[in-house]
Structure formats: structure tokens, C-alpha cells
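Here's the structure, in C-alpha cells; my notes come after.
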Amino acid sequence: MNDVLIIGGGVIGLSIARELHKRGMKRITLLEQGVCGRESSWAAGGMLGPQAETDEAGVFFDICCESRDLYPQLAANLLSETGIDIELERSGTLYLTFTDEDVRELRARCDWQMKAGFVVERLTGEEARKAEPAISNDIREAFIFPNDWQVDNRKLLAALRRYAEMNDVQVIENTHVTTLVKQDNTVKGVETNAGMLSAATTVLATGAWTSLIQLGVAPFPVRVEPVRGQIIAFQTAPALFKRVIYSRRGYLVPRLDGRILAGSTTENVGFDRSITDSAAEELKVIATEIAPFVSALSITDHWSGLRPKAKDGLPVLGSVSGLAGLFIATAHYRNGILLAPISAKLTAESLLDGVDSAYLEQFGPDRFAVEPVGLARSS
Ligand code: GLY
């Protein structure tokens with residue numbers, strides 16, 4: 001029997017596998033319905049930008065910042081463990097404003113962050129262009145968040161995958177779970193298209209697909225919907241931009257090899273992963289507002305991913321009251337890459353040390369429960 005069975009081979013599942021292994025857990029199996037790291041974690045932009053992206057102070061902002069701050073150590077550890085550099089780029093994030101509304105919103109964001117002791121620098125248009133000469137002349141003012149960074153999410157996935165391979169984490173791909181196996185009020189493993197797998201603990205890191213699993217408990221408190229995001233890419237000379245650059249309408253992410261990613265859409269289209277010409281045009285307009293020279297570039301790549309979103313848009317992390325043997329780590333929505341390190345840490349602390357952080361209280365699945373699951377009828 002497995003000590004732990006992790007369902008889902010995206011950045012969350014792979015990070016949890018590594019963290020559990022590093023803390024001494026044996027017999028870890030990770031099950032992936034397709035190929036590890038090829039869904040929303042692969043499609044992401046890799047921004048680690050809680051300050052640039054969050055509108056208000058609170059526990060969600062806190063968990064995002066805490067996870068971001070785990071990245072320097074994670075990047076160093078993964079390099080020594082696997083030889084893969086995840087390209088953590090720490091030049092900060094630039095946020096441009098073009099309209100009155102942009103200025104109002106960004107000044108308000110900066111005010112509460114500065115009052116709370118976070119670093120934000122306000123720049124004139126000229127100062128911003130000195131920092132990033134390829135941006136538009138039309139900006140009103142700009143803000144630098146020096147502690148918001150980026151990582152190459154595909155390299156991160158490769159490093160986590162290699163860690164699993166090097167450390168005898170059993171990875172089973174192209175196998176999907178149909179139902180949780182439950183006995184009394186304990187999850188004993190899962191039924192898959194290739195038979196049953198049993199485990200002392202099952203972790204659901206199933207992202208947008210969480211609600212497709214027959215959970216064997218009713219009513220199950222968590223509902224996760226897919227939300228499509230499309231990104232386009234252009235090829236430029238390397239190092240044309242140093243930083244991730246946002247406007248209120250989208251963002252540009254420069255990669256070290258000269259690619260510039262422009263994202264992203266937010267579309268409720270179910271499990272449809274298609275890419276569309278209209279999205280490519282829309283994203284090119286957003287990118288051109290930030291950096292007008294982009295209008296002359298051709299799009300060299302275009303992809304999409306399905307973000308996993310719970311009803312309130314917040315992550316779901318924790319166990320379900322009245323149901324032993326199950327831990328849920330899903331619904332990271334726009335923040336899967338950012339929240340992977342802390343999700344892995346909180347999961348490991350809960351499963352191995354029996355310590356549930358206050359974050360699990362806040363983000364646990366019980367927040368959706370209408371009645372204790374243990375009292376509900378099994379389906
Ligand atoms: N975190 C950026 C996005 O979801 O587009």
C-alpha cells in the first residue's frame with residue numbers, strides 16, 4: 001500500500017510529492033491522467049506577482065507573499081538537487097498606467113501596500129522608460145514592485161519531474177481516476193481506468209478536473225470550474241525587457257531566450273482548450289499598448305490552459321471534516337505557480353506533523369460544506 005497517493009501531476013501535485021519525499025515519506029505514488037506538467041501549470045506565465053496582482057490586504061495576499069518568498073530557496077535547492085535552473089528572475093515587476101482609472105487604482109494599491117510595510121516605488125513615465133526603454137511613451141506613471149518576480153514555469157515543472165524520477169517517487173501517467181474508494185468515513189484510495197490503487201492518504205491535486213472525480217461522498221463540498229486563459233508569444237532579441245510588465249488589461253513576460261509572452265484571457269468555456277484568433281488579436285492590442293513596437297511582430301506561439309477556480313476564486317487546501325485519509329490541494333485559479341511552494345509545505349506539515357496552519361482553516365474545503373460530510377449518505 002502507498003503511504004500517499006497524489007492525484008494530479010501539475011505543479012501542485014509534483015511540489016507536494018517532492019516536499020513529502022524531502023521530509024522522509026516513503027512509498028509516494030503520483031497519478032496523472034495525461035502527461036505530468038502539460039496542463040495549466042505548463043500554460044501559465046510564471047509571474048510571482050502578489051503585490052502587482054492583489055487588490056486588497058488580507059489572508060490571501062499574505063499566503064501569496066509567503067509563497068513567493070519561498071522561491072529563492074526553492075530555486076537554489078532544485079538546482080542542486082536536479083541540475084535544472086528554473087530561471088527565477090528577480091529584477092522586480094513594473095506596472096504601467098495609461099488612464100485616470102489606471103492611475104487611481106494603482107495609487108490605491110500602492111498606498112495600502114506601503115502602509116503595510118511592503119516595498120513599492122512610484123516612477124514618472126520618464127523614469128519608467130529609463131528602466132525599460134522599449135515601453136510606450138504614453139504612460140502616465142508607473143510602479144515598480146521590486147519583490148514581485150518571475151520563474152520559467154516549464155523549467156520548474158521539468159525540475160520537479162526530475163526530482164520525482166531521481167527519488168523513486170512512482171509516477172503513473174495516462175491513467176485517470178474515476179472515483180475515490182471510501183470505507184465508512186475513510187478514503188482508502190482510488191479506482192482508476194487501470195484498477196484500484198490504495199493508500200493511507202490520498203491527495204487531490206486535480207486542478208480544473210477535481211469535480212469530474214466521483215468522490216463517493218455526497219454532498220462533496222468542493223466545486224471547481226475550468227477558466228480558460230490564452231497566451232501568445234513573440235520572438236525578440238534576448239533581454240529587450242528585464243522585467244514582467246503589467247497594465248490593468250494584461251501583461252508581458254520576457255523570457256531569457258528573447259520570447260515575450262503576452263497574456264491573458266479569462267474565459268468560461270468549460271473544458272474547451274481551443275485557441276482563438278479573436279483572443280490573439282485582443283492580446284496583441286494589450287501588448288502593443290505596453291510596448292508599441294510589438295505591433296510589427298508576428299505571433300510565434302499561442303496556447304491555452306484551464307485555470308481551476310472554486311466558487312470564491314480562492315485555493316482549496318486542507319482535509320474534509322468527517323472524512324479521514326483525504327487531503328485536498330486544488331483550485332489555485334490564477335496562482336498555481338505562485339502558490340505551489342506553500343501548498344506543498346502546508347500539505348506536508350498537515351500530513352506528516354499533524355500541524356494544520358491557520359491558512360488551512362481559512363482555505364479548507366469545509367468552507368463550502370452545507371452539512372458535515374461524514375453524516376452524508378455515500379453515493
Ligand atoms: N496569473 C495570471 C493569469 O492567470 O493570467
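Simple scheme: letters A, B, ... for chains in C-alpha cells order, numbers from 1 for residues in each chain, numbers from 1 for ligands in the order shown.
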- Message: DSSP on the backbone, helix (DSSP H, G or I) only: what residues of segment 149-232 of chain A does that give? Format it as an NGL selection string.
- Response: :A and (153-166 or 207-212)
- Neighbours of ligand 1 within 6 Å, counting only C-alpha atoms and all ligand atoms, as a list in words?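 I would give the residues around ligand 1 as Ser264, Arg334 and Asn335 of chain A.
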Keeping only N, CA and C atoms, take the residues you just selected and write them out as a PDB file, in the first residue's frame.
```pdb
ATOM      1  N   SER A 264      -3.510  37.818 -20.547  1.00  0.00           N
ATOM      2  CA  SER A 264      -4.098  36.551 -20.912  1.00  0.00           C
ATOM      3  C   SER A 264      -5.610  36.712 -20.870  1.00  0.00           C
ATOM      4  N   ARG A 334      -5.629  31.570 -10.556  1.00  0.00           N
ATOM      5  CA  ARG A 334      -4.586  32.310 -11.282  1.00  0.00           C
ATOM      6  C   ARG A 334      -3.213  32.179 -10.626  1.00  0.00           C
ATOM      7  N   ASN A 335      -3.122  31.383  -9.574  1.00  0.00           N
ATOM      8  CA  ASN A 335      -1.926  31.458  -8.731  1.00  0.00           C
ATOM      9  C   ASN A 335      -1.276  30.106  -8.454  1.00  0.00           C
TER      10      ASN A 335
END
```
Sorted per-residue table, segment 292-363 of chain A near segment 49-66 of chain A, closest atoms and distance, 9 Å, only C-alpha atoms, as JSON lines:
```
{"residue": "A:Leu314", "atom": "CA", "partner": "A:Phe60", "partner_atom": "CA", "distance": 7.7}
{"residue": "A:Pro315", "atom": "CA", "partner": "A:Phe60", "partner_atom": "CA", "distance": 8.9}
{"residue": "A:Asn335", "atom": "CA", "partner": "A:Cys64", "partner_atom": "CA", "distance": 8.0}
{"residue": "A:Leu338", "atom": "CA", "partner": "A:Cys64", "partner_atom": "CA", "distance": 6.7}
{"residue": "A:Leu339", "atom": "CA", "partner": "A:Cys64", "partner_atom": "CA", "distance": 6.2}
{"residue": "A:Ile342", "atom": "CA", "partner": "A:Glu66", "partner_atom": "CA", "distance": 7.3}
{"residue": "A:Tyr359", "atom": "CA", "partner": "A:Ile63", "partner_atom": "CA", "distance": 7.6}
{"residue": "A:Gln362", "atom": "CA", "partner": "A:Val59", "partner_atom": "CA", "distance": 8.0}
{"residue": "A:Phe363", "atom": "CA", "partner": "A:Phe60", "partner_atom": "CA", "distance": 8.9}
```
Now that the selection is made, can you save its residues with all heavy atoms as a PDB file, in the first residue's frame?
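Contents of again_24.pdb, freshly written:
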```pdb
ATOM      1  N   LEU A 314     -10.744  31.323  -4.493  1.00  0.00           N
ATOM      2  CA  LEU A 314      -9.608  31.098  -3.588  1.00  0.00           C
ATOM      3  C   LEU A 314      -9.183  29.639  -3.608  1.00  0.00           C
ATOM      4  O   LEU A 314      -9.987  28.757  -3.953  1.00  0.00           O
ATOM      5  CB  LEU A 314     -10.013  31.507  -2.163  1.00  0.00           C
ATOM      6  CG  LEU A 314     -10.358  32.995  -2.009  1.00  0.00           C
ATOM      7  CD1 LEU A 314     -10.940  33.273  -0.630  1.00  0.00           C
ATOM      8  CD2 LEU A 314      -9.137  33.864  -2.267  1.00  0.00           C
ATOM      9  N   PRO A 315      -7.934  29.365  -3.226  1.00  0.00           N
ATOM     10  CA  PRO A 315      -7.484  27.969  -3.231  1.00  0.00           C
ATOM     11  C   PRO A 315      -8.252  27.119  -2.225  1.00  0.00           C
ATOM     12  O   PRO A 315      -8.808  27.644  -1.260  1.00  0.00           O
ATOM     13  CB  PRO A 315      -6.011  28.060  -2.833  1.00  0.00           C
ATOM     14  CG  PRO A 315      -5.807  29.408  -2.261  1.00  0.00           C
ATOM     15  CD  PRO A 315      -6.881  30.300  -2.794  1.00  0.00           C
ATOM     16  N   ASN A 335      -3.122  31.383  -9.574  1.00  0.00           N
ATOM     17  CA  ASN A 335      -1.926  31.458  -8.731  1.00  0.00           C
ATOM     18  C   ASN A 335      -1.276  30.106  -8.454  1.00  0.00           C
ATOM     19  O   ASN A 335      -0.645  29.940  -7.411  1.00  0.00           O
ATOM     20  CB  ASN A 335      -2.307  32.156  -7.413  1.00  0.00           C
ATOM     21  CG  ASN A 335      -2.776  33.572  -7.667  1.00  0.00           C
ATOM     22  OD1 ASN A 335      -1.992  34.438  -8.022  1.00  0.00           O
ATOM     23  ND2 ASN A 335      -4.079  33.789  -7.549  1.00  0.00           N
ATOM     24  N   LEU A 338       2.602  30.440  -8.336  1.00  0.00           N
ATOM     25  CA  LEU A 338       2.953  31.236  -7.154  1.00  0.00           C
ATOM     26  C   LEU A 338       2.737  30.448  -5.859  1.00  0.00           C
ATOM     27  O   LEU A 338       3.569  30.472  -4.960  1.00  0.00           O
ATOM     28  CB  LEU A 338       2.083  32.512  -7.143  1.00  0.00           C
ATOM     29  CG  LEU A 338       2.193  33.407  -5.915  1.00  0.00           C
ATOM     30  CD1 LEU A 338       3.611  33.932  -5.738  1.00  0.00           C
ATOM     31  CD2 LEU A 338       1.203  34.573  -6.015  1.00  0.00           C
ATOM     32  N   LEU A 339       1.607  29.743  -5.770  1.00  0.00           N
ATOM     33  CA  LEU A 339       1.240  29.107  -4.502  1.00  0.00           C
ATOM     34  C   LEU A 339       1.753  27.670  -4.342  1.00  0.00           C
ATOM     35  O   LEU A 339       1.511  27.047  -3.310  1.00  0.00           O
ATOM     36  CB  LEU A 339      -0.287  29.119  -4.340  1.00  0.00           C
ATOM     37  CG  LEU A 339      -0.901  30.508  -4.060  1.00  0.00           C
ATOM     38  CD1 LEU A 339      -2.422  30.435  -4.089  1.00  0.00           C
ATOM     39  CD2 LEU A 339      -0.425  31.057  -2.719  1.00  0.00           C
ATOM     40  N   ILE A 342       4.094  26.998  -1.058  1.00  0.00           N
ATOM     41  CA  ILE A 342       3.427  26.999   0.250  1.00  0.00           C
ATOM     42  C   ILE A 342       2.380  25.899   0.324  1.00  0.00           C
ATOM     43  O   ILE A 342       2.150  25.308   1.385  1.00  0.00           O
ATOM     44  CB  ILE A 342       2.841  28.383   0.608  1.00  0.00           C
ATOM     45  CG1 ILE A 342       2.562  28.418   2.107  1.00  0.00           C
ATOM     46  CG2 ILE A 342       1.558  28.705  -0.131  1.00  0.00           C
ATOM     47  CD1 ILE A 342       2.909  29.669   2.789  1.00  0.00           C
ATOM     48  N   TYR A 359      -3.797  28.919   7.782  1.00  0.00           N
ATOM     49  CA  TYR A 359      -4.228  29.052   6.385  1.00  0.00           C
ATOM     50  C   TYR A 359      -5.203  27.938   6.004  1.00  0.00           C
ATOM     51  O   TYR A 359      -6.096  28.132   5.186  1.00  0.00           O
ATOM     52  CB  TYR A 359      -3.024  28.983   5.440  1.00  0.00           C
ATOM     53  CG  TYR A 359      -2.159  30.224   5.411  1.00  0.00           C
ATOM     54  CD1 TYR A 359      -0.775  30.131   5.512  1.00  0.00           C
ATOM     55  CD2 TYR A 359      -2.726  31.489   5.249  1.00  0.00           C
ATOM     56  CE1 TYR A 359       0.028  31.260   5.463  1.00  0.00           C
ATOM     57  CE2 TYR A 359      -1.921  32.635   5.201  1.00  0.00           C
ATOM     58  CZ  TYR A 359      -0.544  32.506   5.316  1.00  0.00           C
ATOM     59  OH  TYR A 359       0.245  33.622   5.262  1.00  0.00           O
ATOM     60  N   GLN A 362      -8.625  28.787   6.950  1.00  0.00           N
ATOM     61  CA  GLN A 362      -9.175  29.808   6.052  1.00  0.00           C
ATOM     62  C   GLN A 362      -9.539  29.240   4.686  1.00  0.00           C
ATOM     63  O   GLN A 362     -10.569  29.565   4.113  1.00  0.00           O
ATOM     64  CB  GLN A 362      -8.090  30.882   5.878  1.00  0.00           C
ATOM     65  CG  GLN A 362      -8.542  32.109   5.144  1.00  0.00           C
ATOM     66  CD  GLN A 362      -9.309  33.041   6.059  1.00  0.00           C
ATOM     67  OE1 GLN A 362      -9.170  32.976   7.273  1.00  0.00           O
ATOM     68  NE2 GLN A 362     -10.155  33.873   5.473  1.00  0.00           N
ATOM     69  N   PHE A 363      -8.651  28.383   4.153  1.00  0.00           N
ATOM     70  CA  PHE A 363      -8.827  27.927   2.772  1.00  0.00           C
ATOM     71  C   PHE A 363      -9.300  26.479   2.683  1.00  0.00           C
ATOM     72  O   PHE A 363      -9.365  25.910   1.600  1.00  0.00           O
ATOM     73  CB  PHE A 363      -7.505  28.094   1.996  1.00  0.00           C
ATOM     74  CG  PHE A 363      -7.060  29.528   1.907  1.00  0.00           C
ATOM     75  CD1 PHE A 363      -5.883  29.961   2.500  1.00  0.00           C
ATOM     76  CD2 PHE A 363      -7.849  30.471   1.247  1.00  0.00           C
ATOM     77  CE1 PHE A 363      -5.486  31.291   2.432  1.00  0.00           C
ATOM     78  CE2 PHE A 363      -7.468  31.802   1.173  1.00  0.00           C
ATOM     79  CZ  PHE A 363      -6.281  32.213   1.776  1.00  0.00           C
TER      80      PHE A 363
END
```
With the cut-off set at 9 Å and counting only C-alpha atoms, tabulate each residue of segment 240-310 of chain A with an atom at most that distance from an atom of segment 128-138 of chain A, showing the nearest atom pair and its distance in Å to one decimal, ordered by chain and increasing number, as CSV.
```
residue,atom,partner,partner_atom,distance
A:Leu240,CA,A:Ala134,CA,7.1
A:Phe241,CA,A:Glu132,CA,6.2
A:Lys242,CA,A:Glu132,CA,7.1
A:Arg243,CA,A:Glu132,CA,8.1
A:Thr288,CA,A:Ser136,CA,8.3
A:Glu289,CA,A:Ser136,CA,6.9
A:Ile290,CA,A:Ser136,CA,5.6
A:Ala291,CA,A:Ile135,CA,4.4
A:Pro292,CA,A:Ser136,CA,6.0
A:Phe293,CA,A:Ala134,CA,7.7
```
- Message: Env of Asp168 of chain A: 9 Å cut, atoms = only C-alpha atoms, seq-sep filter 6 positions within chain, self excluded. Answer as a count of residues only.
- Response: 3
For segment 206-286 of chain A against segment 96-110 of chain A, with a cut-off of 7 Å and counting only C-alpha atoms, what is the closest atom pair and its distance in Å to one decimal for every residue that makes the cut, ordered by chain and number, as JSON lines?
```
{"residue": "A:Tyr246", "atom": "CA", "partner": "A:Leu96", "partner_atom": "CA", "distance": 6.1}
{"residue": "A:Ser247", "atom": "CA", "partner": "A:Leu96", "partner_atom": "CA", "distance": 5.2}
{"residue": "A:Arg248", "atom": "CA", "partner": "A:Asp102", "partner_atom": "CA", "distance": 6.6}
```
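You will find atom CA of Gly10 of chain A at 18.4 Å from atom CA of Asp272 of chain A.
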- Contacts of Gly364 of chain A within 8 Å, only C-alpha atoms, excl. fewer than 4 positions in-chain, as a PyMOL selection string: chain A and resi 316-320+359-360
- Message: Considering only C-alpha atoms, can you say which of A:Leu14, A:Val35, A:Leu78, A:Ala329 comes closest to Thr202 of chain A?
- Response: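 So, comparing all the options, the nearest one is A:Ala329.
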- Which neighbours of Thr201 of chain A fall inside 9 Å, counting only C-alpha atoms, when residues of the same chain fewer than 4 positions from it are skipped, and could you give them as a list in words?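 Answer for this query is Asn2, Asp3, Val4, Leu5, Ile6, Val187, Lys188, Gly189, Ala324, Gly325, Leu326, Phe327 and Leu351 of chain A.
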